[in-house]
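**Student:** Below is my_file05.tsv; it holds TSV, C-alpha atoms.
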```tsv
chain	number	residue	atom	x	y	z
A	1	LEU	CA	36.67	-18.79	-7.19
A	2	ARG	CA	33.23	-18.81	-5.56
A	3	SER	CA	31.93	-21.16	-8.24
A	4	PHE	CA	34.85	-23.56	-7.68
A	5	LEU	CA	34.43	-23.57	-3.90
A	6	ILE	CA	30.65	-24.01	-3.96
A	7	THR	CA	30.80	-26.76	-6.58
A	8	ASN	CA	33.74	-28.79	-5.26
A	9	LYS	CA	34.23	-28.02	-1.56
A	10	SER	CA	32.18	-27.62	1.62
A	11	ILE	CA	32.00	-24.35	3.53
A	12	SER	CA	32.00	-25.70	7.07
A	13	SER	CA	31.76	-22.35	8.87
A	14	LEU	CA	32.12	-18.66	8.06
A	15	ILE	CA	32.19	-15.56	10.27
A	16	GLN	CA	31.53	-12.18	8.68
A	17	MET	CA	33.11	-9.64	11.00
A	18	GLU	CA	32.44	-5.96	11.48
A	19	TYR	CA	34.48	-3.63	9.23
A	20	SER	CA	36.55	-2.26	12.13
A	21	ALA	CA	37.08	-5.56	13.93
A	22	PHE	CA	40.83	-5.12	13.40
A	23	GLU	CA	42.06	-1.86	14.91
A	24	GLU	CA	44.77	-1.53	12.26
A	25	ALA	CA	42.35	-1.14	9.35
A	26	THR	CA	38.70	-0.72	8.43
A	27	VAL	CA	38.07	-3.30	5.72
A	28	PRO	CA	35.46	-5.94	4.86
A	29	VAL	CA	36.81	-9.20	6.27
A	30	CYS	CA	35.65	-12.69	7.14
A	31	CYS	CA	37.21	-15.91	8.41
A	32	PHE	CA	36.12	-19.35	7.27
A	33	MET	CA	36.81	-23.08	7.31
A	34	ILE	CA	36.48	-25.12	4.12
A	35	LYS	CA	36.53	-28.90	3.85
A	36	ASN	CA	38.49	-30.23	0.92
A	37	ALA	CA	35.53	-32.31	-0.26
A	38	LYS	CA	31.86	-31.87	-1.16
A	39	THR	CA	30.47	-33.72	1.86
A	40	GLU	CA	28.46	-31.26	3.97
A	41	PRO	CA	26.45	-28.72	1.93
A	42	VAL	CA	24.89	-27.13	5.04
A	43	GLY	CA	27.33	-24.80	6.79
A	44	ASN	CA	27.27	-22.57	9.88
A	45	TYR	CA	27.47	-18.81	9.38
A	46	LEU	CA	27.75	-15.84	11.75
A	47	LYS	CA	26.93	-12.29	10.67
A	48	LEU	CA	28.69	-9.96	13.12
A	49	SER	CA	28.72	-6.84	10.94
A	50	ASP	CA	26.28	-5.00	13.26
A	51	PHE	CA	28.39	-5.43	16.40
A	52	LYS	CA	30.92	-2.65	16.80
A	53	GLY	CA	33.64	-2.43	19.43
A	54	GLY	CA	36.63	-4.23	18.03
A	55	MET	CA	37.78	-7.83	18.25
A	56	THR	CA	36.75	-8.18	21.91
A	57	VAL	CA	33.08	-7.74	21.02
A	58	GLN	CA	33.44	-10.02	18.01
A	59	LYS	CA	34.88	-12.77	20.22
A	60	GLU	CA	32.07	-12.40	22.75
A	61	LYS	CA	29.42	-12.75	20.06
A	62	VAL	CA	31.04	-15.87	18.61
A	63	LEU	CA	31.16	-17.53	22.04
A	64	GLU	CA	27.56	-16.52	22.67
A	65	ALA	CA	26.48	-18.14	19.39
A	66	ILE	CA	28.31	-21.36	20.31
A	67	GLN	CA	26.55	-21.54	23.68
A	68	LYS	CA	23.04	-20.73	22.41
A	69	SER	CA	21.23	-22.80	19.80
A	70	ARG	CA	19.02	-19.95	18.54
A	71	ILE	CA	20.37	-16.47	18.04
A	72	ARG	CA	19.47	-13.89	15.41
A	73	TYR	CA	22.92	-13.54	13.83
A	74	PHE	CA	23.51	-17.30	13.45
A	75	TYR	CA	22.52	-18.90	10.13
A	76	GLN	CA	22.62	-22.33	8.59
A	77	MET	CA	22.49	-22.42	4.80
A	78	ASN	CA	22.77	-25.07	2.11
A	79	GLN	CA	25.55	-23.74	-0.09
A	80	ASN	CA	23.83	-25.15	-3.19
A	81	ASN	CA	21.42	-22.22	-2.83
A	82	PHE	CA	24.28	-19.85	-3.65
A	83	MET	CA	24.32	-21.31	-7.17
A	84	LYS	CA	20.80	-19.96	-7.76
A	85	ILE	CA	21.78	-16.32	-7.16
A	86	PRO	CA	23.44	-14.36	-10.02
A	87	GLY	CA	27.13	-13.88	-9.35
A	88	LEU	CA	27.13	-16.66	-6.73
A	89	PRO	CA	27.52	-14.37	-3.70
A	90	ILE	CA	27.96	-16.13	-0.35
A	91	SER	CA	24.67	-14.61	0.85
A	92	PHE	CA	24.03	-16.95	3.74
A	93	TRP	CA	21.38	-14.69	5.33
A	94	VAL	CA	19.03	-14.94	2.32
A	95	SER	CA	15.71	-16.69	2.88
A	96	GLU	CA	14.56	-19.72	0.90
A	97	ARG	CA	11.69	-17.62	-0.44
A	98	LEU	CA	14.06	-15.06	-1.92
A	99	VAL	CA	16.26	-17.77	-3.42
A	100	ASN	CA	13.14	-19.17	-5.12
A	101	ILE	CA	12.38	-15.73	-6.59
A	102	PHE	CA	15.75	-15.80	-8.33
A	103	GLU	CA	15.29	-19.38	-9.47
A	104	LYS	CA	11.75	-19.19	-10.86
A	105	ASN	CA	11.54	-15.74	-12.45
A	106	LYS	CA	13.08	-13.70	-15.23
A	107	ASN	CA	15.47	-10.87	-14.51
A	108	ILE	CA	15.78	-7.40	-16.00
A	109	ALA	CA	18.30	-8.61	-18.60
A	110	ASP	CA	15.55	-10.76	-20.15
A	111	ILE	CA	13.26	-7.82	-20.86
A	112	ALA	CA	15.45	-4.70	-20.91
A	113	ASP	CA	18.96	-3.42	-21.64
A	114	ALA	CA	20.86	-1.80	-18.77
A	115	LYS	CA	23.57	0.41	-20.27
A	116	SER	CA	26.24	2.81	-19.09
A	117	GLY	CA	26.54	6.24	-20.64
A	118	GLN	CA	29.48	7.95	-22.27
A	119	ASN	CA	32.68	9.23	-20.70
A	120	THR	CA	33.56	12.69	-22.01
A	121	GLY	CA	36.90	12.70	-20.18
A	122	ASP	CA	36.37	16.33	-19.14
A	123	ASN	CA	32.86	17.22	-17.98
A	124	ASN	CA	34.04	20.67	-16.89
A	125	ARG	CA	34.88	21.34	-20.52
A	126	PHE	CA	31.86	19.86	-22.26
A	127	THR	CA	28.96	20.11	-19.79
A	128	ARG	CA	27.16	22.95	-18.04
A	129	PHE	CA	24.14	23.57	-15.88
A	130	TRP	CA	21.32	24.45	-18.26
A	131	PHE	CA	21.01	27.98	-16.81
A	132	GLU	CA	24.69	28.71	-17.63
A	133	VAL	CA	24.02	28.68	-21.38
A	134	GLY	CA	21.52	30.51	-23.57
A	135	GLU	CA	18.06	28.96	-23.85
A	136	TYR	CA	17.94	29.83	-27.52
A	137	ASN	CA	20.83	27.44	-28.17
A	138	THR	CA	19.57	24.56	-26.00
A	139	GLY	CA	17.45	21.64	-27.15
A	140	PHE	CA	15.03	20.88	-24.32
A	141	PRO	CA	13.21	17.51	-24.08
A	142	SER	CA	9.85	19.10	-24.92
A	143	GLN	CA	11.23	19.94	-28.39
A	144	TYR	CA	12.41	16.38	-29.19
A	145	PRO	CA	12.49	15.05	-31.94
A	146	THR	CA	11.86	18.12	-34.07
A	147	GLU	CA	14.39	19.70	-36.42
A	148	LYS	CA	14.45	22.67	-34.04
A	149	TYR	CA	15.72	20.35	-31.29
A	150	PHE	CA	18.70	19.01	-33.24
A	151	ASP	CA	19.69	22.43	-34.58
A	152	LYS	CA	21.24	23.36	-31.22
A	153	LYS	CA	24.56	23.26	-29.41
A	154	TRP	CA	23.50	22.12	-25.93
A	155	PHE	CA	21.43	19.01	-25.18
A	156	PRO	CA	19.94	17.50	-22.00
A	157	TYR	CA	22.56	15.46	-20.18
A	158	ASN	CA	21.68	12.81	-17.61
A	159	LYS	CA	24.52	12.84	-15.08
A	160	GLY	CA	23.03	10.87	-12.20
A	161	GLY	CA	23.02	12.95	-9.06
A	162	SER	CA	21.92	12.48	-5.47
A	163	TYR	CA	19.35	10.06	-4.07
A	164	ARG	CA	15.97	10.72	-5.65
A	165	LYS	CA	13.18	8.37	-6.71
A	166	TRP	CA	10.71	8.53	-9.60
A	167	TYR	CA	11.80	11.78	-11.34
A	168	GLY	CA	14.41	14.53	-11.20
A	169	ASN	CA	18.14	15.39	-11.13
A	170	PHE	CA	17.84	16.81	-14.65
A	171	ASP	CA	19.80	20.06	-14.66
A	172	ARG	CA	22.79	19.48	-16.96
A	173	VAL	CA	23.42	19.94	-20.67
A	174	ILE	CA	26.25	18.80	-22.93
A	175	ASN	CA	27.89	20.36	-25.96
A	176	TRP	CA	26.69	17.92	-28.63
A	177	GLU	CA	26.81	20.36	-31.53
A	178	LYS	CA	27.27	18.70	-34.93
A	179	ASP	CA	26.57	15.27	-33.44
A	180	GLY	CA	29.10	15.67	-30.66
A	181	LYS	CA	32.07	16.62	-32.84
A	182	ALA	CA	34.04	18.36	-30.09
A	183	VAL	CA	33.53	15.48	-27.61
A	184	LYS	CA	34.44	12.87	-30.24
A	185	ASP	CA	37.55	14.76	-31.34
A	186	TYR	CA	38.68	14.91	-27.73
A	187	ALA	CA	38.00	11.17	-27.33
A	188	ILE	CA	40.25	10.46	-30.34
A	189	ILE	CA	43.06	12.43	-28.67
A	190	ARG	CA	42.52	10.50	-25.41
A	191	ASN	CA	42.67	7.26	-27.37
A	192	ASN	CA	46.01	8.21	-28.97
A	193	GLY	CA	44.45	8.61	-32.38
A	194	GLY	CA	42.15	5.59	-32.07
A	195	HIS	CA	38.41	5.66	-32.61
A	196	TRP	CA	36.24	7.72	-30.26
A	197	SER	CA	33.93	4.74	-29.56
A	198	ARG	CA	36.27	3.57	-26.81
A	199	TYR	CA	34.81	6.31	-24.61
A	200	ILE	CA	31.53	7.24	-26.29
A	201	GLN	CA	29.44	4.10	-26.20
A	202	ASN	CA	25.83	2.97	-26.59
A	203	ILE	CA	25.01	5.81	-28.99
A	204	LYS	CA	21.95	3.95	-30.29
A	205	TYR	CA	20.33	4.52	-26.90
A	206	PHE	CA	20.79	8.30	-27.01
A	207	TYR	CA	17.52	10.27	-26.69
A	208	GLN	CA	15.48	7.14	-25.80
A	209	GLU	CA	12.89	6.93	-23.05
A	210	GLY	CA	13.92	4.73	-20.16
A	211	LEU	CA	14.80	4.56	-16.47
A	212	THR	CA	17.96	5.90	-14.87
A	213	TRP	CA	19.99	5.54	-11.69
A	214	SER	CA	23.17	7.04	-10.28
A	215	VAL	CA	26.22	4.76	-10.42
A	216	ILE	CA	27.47	5.88	-7.00
A	217	THR	CA	24.86	4.88	-4.41
A	218	SER	CA	26.26	5.27	-0.92
A	219	GLY	CA	22.78	4.98	0.61
A	220	SER	CA	19.61	3.32	-0.65
A	221	PHE	CA	19.18	2.62	-4.33
A	222	SER	CA	16.83	4.87	-6.32
A	223	MET	CA	15.55	4.70	-9.90
A	224	ARG	CA	13.98	7.55	-11.90
A	225	TYR	CA	11.94	7.93	-15.06
A	226	LEU	CA	14.07	9.15	-18.00
A	227	PRO	CA	12.11	11.13	-20.63
A	228	VAL	CA	13.05	11.16	-24.30
A	229	GLY	CA	15.74	13.56	-25.52
A	230	PHE	CA	18.60	12.85	-23.10
A	231	ILE	CA	22.23	11.85	-23.61
A	232	ASN	CA	23.56	9.73	-20.73
A	233	ASP	CA	26.76	10.17	-18.79
A	234	TYR	CA	28.75	7.27	-17.33
A	235	SER	CA	27.44	8.34	-13.90
A	236	GLY	CA	23.85	8.32	-15.14
A	237	CYS	CA	23.28	4.80	-16.44
A	238	ALA	CA	19.91	3.80	-17.84
A	239	VAL	CA	17.55	0.89	-18.57
A	240	PHE	CA	15.79	0.62	-21.94
A	241	LYS	CA	13.00	-1.87	-22.70
A	242	LYS	CA	13.62	-4.57	-25.33
A	243	HIS	CA	9.93	-5.29	-25.94
A	244	ASN	CA	6.48	-4.63	-24.49
A	245	SER	CA	6.21	-7.57	-22.08
A	246	VAL	CA	5.99	-5.06	-19.21
A	247	SER	CA	5.64	-1.30	-19.01
A	248	LEU	CA	8.34	1.13	-17.94
A	249	GLU	CA	6.09	2.05	-15.02
A	250	TYR	CA	6.04	-1.55	-13.81
A	251	LEU	CA	9.83	-1.82	-14.13
A	252	LEU	CA	10.23	1.44	-12.22
A	253	GLY	CA	7.93	0.18	-9.47
A	254	ILE	CA	9.88	-3.08	-9.13
A	255	THR	CA	13.30	-1.39	-9.05
A	256	ASN	CA	12.18	1.13	-6.40
A	257	PHE	CA	10.66	-1.61	-4.25
A	258	LYS	CA	12.31	-1.92	-0.82
A	259	LEU	CA	13.09	-5.60	-1.38
A	260	THR	CA	14.99	-4.71	-4.57
A	261	ASN	CA	17.31	-2.49	-2.55
A	262	ASN	CA	18.12	-5.47	-0.32
A	263	ILE	CA	18.65	-7.69	-3.37
A	264	LEU	CA	21.11	-5.21	-4.89
A	265	ARG	CA	23.08	-4.99	-1.65
A	266	MET	CA	23.31	-8.77	-1.77
A	267	ILE	CA	24.42	-8.89	-5.42
A	268	ASN	CA	26.81	-5.96	-5.06
A	269	PRO	CA	27.70	-4.73	-1.53
A	270	THR	CA	29.82	-1.85	-2.87
A	271	ILE	CA	28.65	1.72	-3.55
A	272	ASN	CA	29.32	1.38	-7.28
A	273	MET	CA	26.12	0.07	-8.92
A	274	GLN	CA	26.93	-1.04	-12.47
A	275	PRO	CA	24.54	-2.03	-15.30
A	276	GLY	CA	25.49	-5.68	-14.80
A	277	ASN	CA	24.17	-5.50	-11.24
A	278	ILE	CA	20.87	-3.98	-12.35
A	279	SER	CA	20.48	-6.64	-15.06
A	280	LYS	CA	20.40	-9.36	-12.38
A	281	ILE	CA	17.36	-7.96	-10.52
A	282	PRO	CA	14.61	-10.63	-10.64
A	283	ILE	CA	11.27	-9.55	-12.09
A	284	VAL	CA	8.04	-11.14	-10.92
A	285	ILE	CA	5.60	-10.29	-13.73
A	286	SER	CA	1.98	-10.07	-12.61
A	287	ASP	CA	-0.92	-10.98	-14.88
A	288	ASP	CA	-2.38	-7.53	-14.21
A	289	THR	CA	0.13	-4.69	-13.79
A	290	SER	CA	-2.41	-1.86	-13.96
A	291	LEU	CA	-2.39	-1.18	-10.21
A	292	VAL	CA	1.41	-0.83	-10.07
A	293	ASP	CA	1.42	1.19	-13.31
A	294	GLY	CA	-1.12	3.65	-11.91
A	295	ILE	CA	0.70	4.13	-8.60
A	296	VAL	CA	4.02	4.71	-10.35
A	297	ARG	CA	2.51	7.22	-12.80
A	298	ASP	CA	1.13	9.17	-9.83
A	299	ASN	CA	4.55	9.08	-8.16
A	300	ILE	CA	6.21	10.41	-11.32
A	301	ILE	CA	3.64	13.21	-11.62
A	302	HIS	CA	4.04	14.27	-7.98
A	303	THR	CA	7.86	14.16	-7.96
A	304	LYS	CA	8.04	16.01	-11.28
A	305	TYR	CA	5.82	18.70	-9.79
A	306	ASP	CA	8.15	18.85	-6.77
A	307	TRP	CA	11.21	19.09	-9.05
A	308	ASP	CA	9.62	21.85	-11.12
A	309	CYS	CA	8.84	23.92	-8.02
A	310	TYR	CA	12.43	25.15	-7.95
A	311	GLU	CA	14.37	27.35	-10.35
A	312	SER	CA	16.95	24.61	-10.89
A	313	SER	CA	14.36	22.93	-13.18
A	314	TRP	CA	14.09	24.11	-16.79
A	315	ASP	CA	10.31	23.63	-16.50
A	316	PHE	CA	10.04	25.99	-13.52
A	317	GLU	CA	7.24	28.56	-13.88
A	318	LYS	CA	6.53	29.94	-10.44
A	319	HIS	CA	7.02	29.07	-6.78
A	320	PRO	CA	4.10	26.98	-5.46
A	321	LEU	CA	3.45	29.45	-2.61
A	322	THR	CA	2.90	32.40	-4.96
```
Once more with this new file: its structure as structure tokens, please.
**Tutor:**
Amino acid sequence: LRSFLITNKSISSLIQMEYSAFEEATVPVCCFMIKNAKTEPVGNYLKLSDFKGGMTVQKEKVLEAIQKSRIRYFYQMNQNNFMKIPGLPISFWVSERLVNIFEKNKNIADIADAKSGQNTGDNNRFTRFWFEVGEYNTGFPSQYPTEKYFDKKWFPYNKGGSYRKWYGNFDRVINWEKDGKAVKDYAIIRNNGGHWSRYIQNIKYFYQEGLTWSVITSGSFSMRYLPVGFINDYSGCAVFKKHNSVSLEYLLGITNFKLTNNILRMINPTINMQPGNISKIPIVISDDTSLVDGIVRDNIIHTKYDWDCYESSWDFEKHPLT
């Protein structure tokens, strides 16, 4: 629909209202006028999402924008710019500079695969905190990829978790004994006798080094380094490099950059951040990435140390104050 409107019609004006503008419901809503012809690519836009107080306040702000030529929530945008942004969002507040970043650079999909993890259907049945099961029967990442690692019942499970950058949220394990037989058998039952691959996907990415984020991101977006040896849950999606054009450290630095958080909110304003959204992040590749690589490695080291300072980490040795 957006593609049709942008290509064939003219958005004359659009007002993005605050979620609670209507007392009856709290929903994302806007009102707009569209000309039934492609005659005026530059439209007028009002962003009222920051002004709370119901429809009375919304009306006051619209009248104020009409009376004043320059006001911070009034925008004029050439709708042809929307075609340059993946997904064609009506992101009228985006600067020309940011639009050019999308237009002139590669995105993550060009250099890496963003993939969702598996859906066990019953995490309470198949997953545990690592300290709930015996260490002798758990394959920890430090043992990967030895025979000792695979001769276990429980394996590191990346399940997403709360907001955390660089490293951490690794405290779960999954019953993947005999190559996940119990989980696969359950998936066949869920699929009414069909193949388990409907729910257990992207197996070729199991145990690979990459980057991970939590699908549900109610606040700011955060990406973390994913060591080798993990199986990924649907809630703990991950990015895996296709080739060596850039390092994982550089990718991690770009995805944790403050501007990237704003880009993602533009591409997907919901709290559900899917692999397709991550794939659209533009990547400006520098001729020399060593500075970014070094800073990111330091960040990983420091946040891993912080994570390991608590007994919830399987690499915990002693409290830092002892």
**Student:** So that I can see what lies close to Thr39 of chain A, please list as number ranges by chain the residues with an atom at most 9 Å from it, counting all atoms listed in the file and leaving out residues fewer than 3 positions away in the same chain.
**Tutor:** A: 9-10, 35-36
**Student:** Any chance you could export the current selection's C-alpha atoms as a PDB file, keeping the file's coordinate frame?
**Tutor:**
```pdb
ATOM      1  CA  LYS A   9      34.230 -28.020  -1.560  1.00  0.00           C
ATOM      2  CA  SER A  10      32.180 -27.620   1.620  1.00  0.00           C
ATOM      3  CA  LYS A  35      36.530 -28.900   3.850  1.00  0.00           C
ATOM      4  CA  ASN A  36      38.490 -30.230   0.920  1.00  0.00           C
TER       5      ASN A  36
END
```
**Student:** Could you give me, as a list in words, the residues within 9 Å of Lys84 of chain A, counting only C-alpha atoms and dropping anything in the same chain fewer than 3 positions from it?
**Tutor:**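 Listing them by chain and then by number gives Asn80, Asn81, Gly87, Leu88, Val99, Asn100, Phe102 and Glu103 of chain A.
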**Student:** Please compute the atom CA of Thr127 of chain A-atom CA of Tyr157 of chain A distance, one decimal, in Å.
**Tutor:**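 Atom-to-atom, atom CA of Thr127 of chain A to atom CA of Tyr157 of chain A, that is 7.9 Å.
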**Student:** At a cut-off of 12 Å, using only C-alpha atoms, what residues contact Asn123 of chain A? Leave out same-chain residues fewer than 6 positions from it and give the result as a list in words.
**Tutor:**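 Close residues of Asn123 of chain A: Phe129, Tyr157, Lys159, Arg172, Val173, Ile174, Asn175, Val183, Tyr186, Asp233, Tyr234 and Ser235 of chain A.
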**Student:** Which is closer to Ala21 of chain A than all the others in A:Val284, A:Leu5, A:Ala238, A:Leu48, using all atoms listed in the file?
**Tutor:**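 Among the listed residues, the smallest separation from Ala21 of chain A belongs to A:Leu48.
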**Student:** Pick the closest to Cys309 of chain A from A:Lys59, A:Val296, A:Gly160, A:Thr322: which is it, counting only C-alpha atoms?
**Tutor:**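 Residue with the minimum atom-to-atom distance to Cys309 of chain A: A:Thr322.
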**Student:** Point out the residue among A:Gly193, A:Gly180, A:Gly276, A:Pro269 with the least atom-to-atom distance to Gly219 of chain A, counting all atoms listed in the file.
**Tutor:**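 Of A:Gly193, A:Gly180, A:Gly276, A:Pro269, the one nearest Gly219 of chain A, counting all atoms listed in the file, is A:Pro269.
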**Student:** Go through A:Asp50, A:Asp308, A:Asp122, A:Glu249 one by one, measure the shortest atom-to-atom distance of each to Ala182 of chain A using all atoms listed in the file, and give the residue with the smallest value.
**Tutor:** A:Asp122
**Student:** When you look at Asp288 of chain A with a cut-off of 12 Å (counting all atoms listed in the file), what residues show up, excluding the ones that are within fewer than 6 positions of it in the same chain? I need them as an MDAnalysis selection string.
**Tutor:** chainID A and resid 245:247 250 294
**Student:** Generate a file of the selected residues that holds C-alpha atoms, formatted as a tab-separated table (two decimals), keeping the file's coordinate frame.
**Tutor:**
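Saved result, out-v9.tsv, follows:
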```
chain	number	residue	atom	x	y	z
A	245	SER	CA	6.21	-7.57	-22.08
A	246	VAL	CA	5.99	-5.06	-19.21
A	247	SER	CA	5.64	-1.30	-19.01
A	250	TYR	CA	6.04	-1.55	-13.81
A	294	GLY	CA	-1.12	3.65	-11.91
```
**Student:** In terms of the shortest atom-to-atom distance over all atoms listed in the file, which of A:Leu291, A:Ile278, A:Met77, A:Ile231 is closest to Trp213 of chain A?
**Tutor:**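 So, comparing all the options, the nearest one is A:Ile278.
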**Student:** Kindly indicate which residue among A:Ser49, A:Thr138, A:Ser279, A:Asn78 lies nearest to Val29 of chain A, using all atoms listed in the file for the distances.
**Tutor:**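 Among A:Ser49, A:Thr138, A:Ser279, A:Asn78, it is A:Ser49 that comes nearest to Val29 of chain A.
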**Student:** What does the structure give for the distance between atom CA of Ala187 of chain A and atom CA of Arg125 of chain A, in Å to one decimal?
**Tutor:**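 That distance, rounded to one decimal, is 12.6 Å.
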**Student:** As an exercise, work out the distance from atom CA of Trp307 of chain A to atom CA of Phe170 of chain A in Å and give it to one decimal place.
**Tutor:** 9.0 Å
**Student:** Do you have, as a Markdown table, the list of residues of segment 106-189 of chain A lying at most 8 Å from segment 200-211 of chain A, each with its nearest atom pair and that distance in Å to one decimal, counting all atoms listed in the file and ordered by chain then number?
**Tutor:**
```
| residue | atom | partner | partner_atom | distance |
| --- | --- | --- | --- | --- |
| A:Lys115 | CA | A:Asn202 | CA | 7.2 |
| A:Ser116 | CA | A:Asn202 | CA | 7.5 |
| A:Gly117 | CA | A:Gln201 | CA | 6.6 |
| A:Gln118 | CA | A:Ile200 | CA | 4.6 |
| A:Asn119 | CA | A:Ile200 | CA | 6.0 |
| A:Thr120 | CA | A:Ile200 | CA | 7.2 |
| A:Lys184 | CA | A:Ile200 | CA | 7.5 |
| A:Ala187 | CA | A:Ile200 | CA | 7.6 |
```
**Student:** Find the spatial neighbours of Ile281 of chain A, counting all atoms listed in the file, within a cut-off of 8 Å - ignore same-chain residues fewer than 3 positions away - and output them as a list in words.
**Tutor:**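 Those residues are Asn107, Ile108, Thr255, Thr260, Ile263, Leu264, Asn277 and Ile278 of chain A.
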**Student:** If you take every atom of segment 124-129 of chain A that the file lists and fit an axis-aligned box around them with 5 Å extra on each side, what centre and edge lengths come out in Å to one decimal, as JSON?
**Tutor:**
```
{"center_x": 29.5, "center_y": 21.7, "center_z": -19.1, "size_x": 20.7, "size_y": 13.7, "size_z": 16.4}
```
